[in-house]
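Chemist: One structure, as structure tokens, below. Some questions next.
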Amino acid sequence: MNESDIDTIEKLVGLPLPEEYINLLLEYPEALSSMKCDGMCAATGELFNKANRILRENKFVRSSKFNTEDAYGDLHPWKNHFLVIGDSGGGDYYAINLKNKKVVVYFWDHGTSKLEKHASSLEQHIKKIFDLYFELAVDGLF
């Protein structure tokens with residue numbers, strides 16, 4: 001990831017990325033890049049580290065192909081000030097609100113089409129990723 005990639009992402013969403021998130025992308029933790037489980041990797045899942053993946057997912061959620069309905073059939077379009085930063089591997093997303101000064105990570109559930117607070121910071125989100133992979137390792141899946 002480089003400054004040009006950051007500029008491209010910012011142009012797509014029309015808002016500046018938080019400095020804390022930019023710093024993470026420019027100096028992505030090697031421990032996350034190397035974390036793998038059953039063919040999955042934290043860098044390609046819970047916290048993307050490649051500009052093309054960030055761009056692809058954020059273009060998709062902003063497209064007309066992304067129609068989300070709740071249990072009542074009501075449509076819920078993606079809120080464009082949220083940036084997808086990762087996914088669960090099951091159709092759910094992790095996102096940050098670009099309008100907030102403080103970086104908070106939200107979890108978007110494809111079953112409910114709702115965003116809920118997942119972590120109060122990127123640091124806490126990363127800790128949760130480590131905890132998840134540790135649990136998978138304990139269960140013999142890692």
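Identifiers in the structure tokens: chain A, B, ... in order shown; residue index from 1 per chain; ligand index from 1 in order shown.
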May I have all residues of region 4-118 of chain A that DSSP, computed from the backbone, assigns to alpha helix (DSSP H), given as a PyMOL selection string?
Modeler: chain A and resi 4-13+19-26+30-34+51-61
Chemist: Give me the residues near Phe60 (chain A) as a ChimeraX atom specification, where near means some atom within 12 Å (using only C-alpha atoms) and where sequence neighbours in that chain fewer than 4 positions away do not count.
Modeler: /A:12-13,53-56,64-67,77-78,80,83-84,93
Chemist: Calculate how many Å separate CA of Leu26 (chain A) from CA of His110 (chain A), rounding to one decimal.
Modeler: 29.3 Å
Chemist: Using only C-alpha atoms, find the one residue out of A:Phe130, A:Tyr94, A:Tyr28, A:Tyr106 that sits nearest to Asn58 (chain A).
Modeler: A:Tyr94
Chemist: Which residue out of A:Leu32, A:Val103, A:Ile85, A:Ala51 has the minimum interatomic distance to Ser120 (chain A) when only C-alpha atoms are used?
Modeler: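 Smallest distance to Ser120 (chain A) is found for A:Val103.
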Chemist: Considering only strand (DSSP E or B) as DSSP defines it on the backbone, what residues of chain A qualify? List them as a ChimeraX atom specification.
Modeler: /A:36-37,40-41,69,75,82-87,93-97,105-109,114-119
Chemist: Here is a test: counting only C-alpha atoms, which residue of A:Ile6, A:Val61, A:Leu25, A:Ile129 is nearest to Gly91 (chain A)?
Modeler: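 Under the stated criterion, the closest residue is A:Val61.
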Chemist: Would you mind listing what lies within 10 Å of region 19-24 of chain A as JSON, numbers by chain, with only C-alpha atoms counted and same-chain residues fewer than 2 positions away left out?
Modeler: {"A": [1, 2, 3, 6, 16, 17, 26, 27, 28, 29, 49, 85, 96, 101, 102, 103, 121, 122, 123]}
Chemist: How many Å separate CA of Thr112 (chain A) from CA of Ile9 (chain A)?
Modeler: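 That distance, rounded to one decimal, is 26.9 Å.
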Chemist: What does the distance from CA of Asp92 (chain A) to CA of Asp109 (chain A) come to in Å, to one decimal?
Modeler: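 If I compute the distance from CA of Asp92 (chain A) to CA of Asp109 (chain A), I get 5.0 Å.
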Chemist: Can you work out which one of A:Lys11, A:Lys79, A:Tyr133, A:His125 has the shortest atom-to-atom distance to Trp108 (chain A), counting only C-alpha atoms?
Modeler: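 Using only C-alpha atoms, the shortest distance to Trp108 (chain A) belongs to A:Lys79.
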